[in-house]
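First comes the structure, then the notes that go with it.
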Amino acid sequence: GVPQGTPSATPLPLTLQESYVPQSDAGLMAATLAKADRQRIPLITVEPFAATSDTTTPVLQQVASGQLDDELIQLADVVRDDGPPTVLIRWAQEMDLTLLYPWSSNDPALYQAAFRHVVEVFRAEGATNVQWVWSPAGQGNALAYYPGDDVVDYVGLTVLGDAGWDAELGYQQRQSM
């Protein structure tokens with residue numbers, strides 16, 4: 001027999017289908033859900049790229065303050081009405097990679113407030129089929145961005161293997177997996 005604690009050699013079925021959708025594009029969310037393989041759970045990375053004319057207010061502040069609620073409500077309604085029984089949403093991933101994305105602003109409290117606000121809007125819209133994925137890149141400061149157990153169902157972690165990217169970022173020793 002196989003000793004306890006030894007990983008099984010039996011392959012696990014791939015049950016997730018990942019897609020990326022800008023927060024401002026409810027139409028793409030609908031199209032993505034319509035094309036999803038019903039044998040898999042959709043894992044949708046929602047990226048809050050600013051789609052407003054307000055270029056002076058950081059996108060996380062716009063989200064947390066409710067300025068982008070129209071976008072969020074549209075997304076929530078699409079997921080509620082057109083989504084399968086379970087949709088995983090990975091909102092504003094890799095927030096701990098400072099300045100890589102508009103939402104990775106080195107302000108953990110603001111990120112937490114924005115993440116919590118997104119979840120609140122979806123819940124208020126009745127999108128009960130959504131489960132939330134908090135997904136940092138795994139930097140040493142990542143836990144500072146954790147928005148709380150009441151709004152996170154799963155924790156994801158980005159694991160990349162790209163020596164060229166590491167070199168481009170100026171690392172002498174390999175940083176990525």
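Chain lettering (A, B, ...) mirrors the order of the structure tokens, residue numbering begins at 1 for each chain separately, and ligand numbering begins at 1 in order of display.
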Near-Pro102 (chain A) list (10 Å; only C-alpha atoms; drop same-chain fewer than 4 positions) as a PyMOL selection string: chain A and resi 47-50+58-60+92+95+98
Just-selected residues, all heavy atoms written as a CSV table (one decimal), in the first residue's frame:
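Produced file part_17.csv, reproduced below:
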chain,number,residue,atom,x,y,z
A,47,GLU,N,-10.0,42.6,-13.2
A,47,GLU,CA,-8.9,43.7,-13.0
A,47,GLU,C,-9.5,45.0,-13.1
A,47,GLU,O,-10.1,45.4,-14.1
A,47,GLU,CB,-7.9,43.5,-14.1
A,47,GLU,CG,-7.2,42.1,-14.1
A,47,GLU,CD,-6.1,42.0,-15.1
A,47,GLU,OE1,-6.4,42.2,-16.3
A,47,GLU,OE2,-5.0,41.6,-14.7
A,48,PRO,N,-9.4,45.8,-12.0
A,48,PRO,CA,-10.0,47.1,-11.9
A,48,PRO,C,-9.1,48.2,-12.6
A,48,PRO,O,-8.7,49.2,-11.9
A,48,PRO,CB,-10.1,47.4,-10.4
A,48,PRO,CG,-9.0,46.6,-9.8
A,48,PRO,CD,-8.8,45.4,-10.7
A,49,PHE,N,-8.9,48.1,-13.9
A,49,PHE,CA,-8.2,49.2,-14.6
A,49,PHE,C,-9.2,50.3,-14.7
A,49,PHE,O,-10.4,50.1,-14.9
A,49,PHE,CB,-7.8,48.7,-16.0
A,49,PHE,CG,-6.7,47.7,-16.0
A,49,PHE,CD1,-6.9,46.4,-16.3
A,49,PHE,CD2,-5.4,48.2,-15.7
A,49,PHE,CE1,-5.9,45.5,-16.4
A,49,PHE,CE2,-4.4,47.3,-15.8
A,49,PHE,CZ,-4.6,45.9,-16.1
A,50,ALA,N,-8.7,51.5,-14.4
A,50,ALA,CA,-9.6,52.7,-14.4
A,50,ALA,C,-10.2,52.9,-15.8
A,50,ALA,O,-9.4,53.0,-16.7
A,50,ALA,CB,-8.9,53.9,-13.9
A,58,PRO,N,-6.7,57.5,-7.3
A,58,PRO,CA,-6.3,56.1,-7.5
A,58,PRO,C,-7.5,55.2,-7.6
A,58,PRO,O,-8.5,55.4,-7.0
A,58,PRO,CB,-5.5,55.8,-6.3
A,58,PRO,CG,-5.0,57.2,-5.8
A,58,PRO,CD,-6.1,58.1,-6.1
A,59,VAL,N,-7.4,54.2,-8.5
A,59,VAL,CA,-8.5,53.3,-8.7
A,59,VAL,C,-9.0,52.6,-7.5
A,59,VAL,O,-10.2,52.4,-7.3
A,59,VAL,CB,-8.1,52.2,-9.8
A,59,VAL,CG1,-7.1,51.2,-9.4
A,59,VAL,CG2,-9.4,51.5,-10.3
A,60,LEU,N,-8.1,52.2,-6.5
A,60,LEU,CA,-8.6,51.6,-5.3
A,60,LEU,C,-9.4,52.6,-4.5
A,60,LEU,O,-10.4,52.2,-3.9
A,60,LEU,CB,-7.4,51.2,-4.4
A,60,LEU,CG,-6.6,49.9,-4.9
A,60,LEU,CD1,-5.5,49.6,-3.9
A,60,LEU,CD2,-7.5,48.7,-5.1
A,92,ALA,N,-8.5,42.0,-8.4
A,92,ALA,CA,-7.2,42.8,-8.1
A,92,ALA,C,-6.1,42.0,-7.6
A,92,ALA,O,-5.6,42.3,-6.5
A,92,ALA,CB,-7.6,44.0,-7.3
A,95,MET,N,-1.6,42.3,-5.6
A,95,MET,CA,-1.6,43.7,-5.1
A,95,MET,C,-0.3,44.0,-4.3
A,95,MET,O,0.0,45.1,-4.1
A,95,MET,CB,-2.9,43.9,-4.2
A,95,MET,CG,-2.8,43.2,-2.8
A,95,MET,SD,-2.5,41.4,-2.8
A,95,MET,CE,-4.0,40.8,-3.6
A,98,THR,N,4.2,46.1,-5.7
A,98,THR,CA,4.1,47.5,-5.7
A,98,THR,C,4.3,48.1,-7.0
A,98,THR,O,5.3,47.9,-7.7
A,98,THR,CB,5.1,48.1,-4.7
A,98,THR,OG1,4.8,47.6,-3.4
A,98,THR,CG2,4.9,49.6,-4.6
Can you check which residues of region 13-59 of chain A DSSP gives as helix (DSSP H, G or I) on the backbone and send them as a PyMOL selection string? chain A and resi 26-35+59
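You will find CA of Ala109 (chain A) at 22.8 Å from CA of Asp70 (chain A).
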Close residues, Leu157 (chain A) itself excluded, 12 Å, only C-alpha atoms, min 4 positions apart in chain, as number ranges by chain: A: 90, 93-96, 133-139, 142-143, 177
Between CA of Ser65 (chain A) and CA of Val78 (chain A), what distance in Å does the model show, to one decimal?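 According to the coordinates, CA of Ser65 (chain A) and CA of Val78 (chain A) are separated by 22.2 Å.
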Shell of 10 Å around Trp91 (chain A), only C-alpha atoms, local chain residues under 5 positions omitted, as a ChimeraX atom specification: /A:20-23,44-48,114-115,118-119,132-135
So the first atom is CA of Ser105 (chain A) and the second is CA of Asp162 (chain A); what is the distance between them in Å, to one decimal place? 23.5 Å
Considering only C-alpha atoms, state which residue in the set A:Pro108, A:Gly156, A:Gly126, A:Gly27 is at the smallest distance from Asp77 (chain A).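 Using only C-alpha atoms, Asp77 (chain A) sits closest to A:Gly126.
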Long-range neighbours of Ala113 (chain A) as a PyMOL selection string, 10 Å cut-off, only C-alpha atoms, 6 positions minimum in chain: chain A and resi 60-61+63-65+145+147
Select from region 65-158 of chain A every residue with an atom at most 9 Å from any atom of region 34-42 of chain A, then for each give the shortest pair of atoms and their distance in Å to one decimal, using only C-alpha atoms, rows by chain and rising number, as JSON lines.
{"residue": "A:Asp82", "atom": "CA", "partner": "A:Ala34", "partner_atom": "CA", "distance": 7.4}
{"residue": "A:Gly83", "atom": "CA", "partner": "A:Ala34", "partner_atom": "CA", "distance": 8.0}
{"residue": "A:Pro84", "atom": "CA", "partner": "A:Arg38", "partner_atom": "CA", "distance": 7.7}
{"residue": "A:Pro85", "atom": "CA", "partner": "A:Ile41", "partner_atom": "CA", "distance": 8.8}
{"residue": "A:Thr86", "atom": "CA", "partner": "A:Ile41", "partner_atom": "CA", "distance": 6.5}
{"residue": "A:Val87", "atom": "CA", "partner": "A:Pro42", "partner_atom": "CA", "distance": 5.4}
{"residue": "A:Leu88", "atom": "CA", "partner": "A:Pro42", "partner_atom": "CA", "distance": 6.1}
{"residue": "A:Ile89", "atom": "CA", "partner": "A:Pro42", "partner_atom": "CA", "distance": 8.3}
Any chance you could export the current selection's N, CA, C and O atoms as a compact mmCIF listing (two decimals), in the first residue's frame?
# COMPACT_ATOMS: atom_id res chain seq x y z
N ASP A 82 -26.37 35.09 -15.18
CA ASP A 82 -25.86 34.25 -16.26
C ASP A 82 -24.81 33.23 -15.82
O ASP A 82 -24.39 32.41 -16.62
N GLY A 83 -24.37 33.32 -14.58
CA GLY A 83 -23.30 32.45 -14.12
C GLY A 83 -23.81 31.10 -13.66
O GLY A 83 -24.99 30.93 -13.34
N PRO A 84 -22.90 30.14 -13.62
CA PRO A 84 -23.25 28.82 -13.09
C PRO A 84 -23.39 28.89 -11.55
O PRO A 84 -23.18 29.96 -10.97
N PRO A 85 -23.69 27.78 -10.91
CA PRO A 85 -23.88 27.80 -9.45
C PRO A 85 -22.67 28.31 -8.67
O PRO A 85 -22.84 28.85 -7.57
N THR A 86 -21.47 28.14 -9.21
CA THR A 86 -20.27 28.65 -8.55
C THR A 86 -19.40 29.39 -9.56
O THR A 86 -19.06 28.85 -10.60
N VAL A 87 -19.07 30.62 -9.21
CA VAL A 87 -18.11 31.41 -9.98
C VAL A 87 -17.08 31.93 -8.99
O VAL A 87 -17.44 32.55 -7.99
N LEU A 88 -15.82 31.63 -9.24
CA LEU A 88 -14.75 32.16 -8.41
C LEU A 88 -14.31 33.49 -9.00
O LEU A 88 -14.03 33.56 -10.20
N ILE A 89 -14.25 34.52 -8.17
CA ILE A 89 -13.75 35.82 -8.64
C ILE A 89 -12.49 36.15 -7.88
O ILE A 89 -12.46 36.19 -6.65
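For region 23-117 of chain A, the set of residues given strand (DSSP E) by DSSP on the backbone reads Ile41, Pro42, Leu43, Ile44, Thr45, Val46, Glu47, Val87, Leu88, Ile89, Arg90 and Trp91 of chain A.
Comparing A:Ala127, A:Val121, A:Met29, A:Val151 by their smallest distance to Gly66 (chain A), the closest is A:Val121 (using only C-alpha atoms).
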With distances taken over only C-alpha atoms, the candidate from A:Gln131, A:Glu18, A:Gly170, A:Leu99 nearest Tyr154 (chain A) is A:Gln131
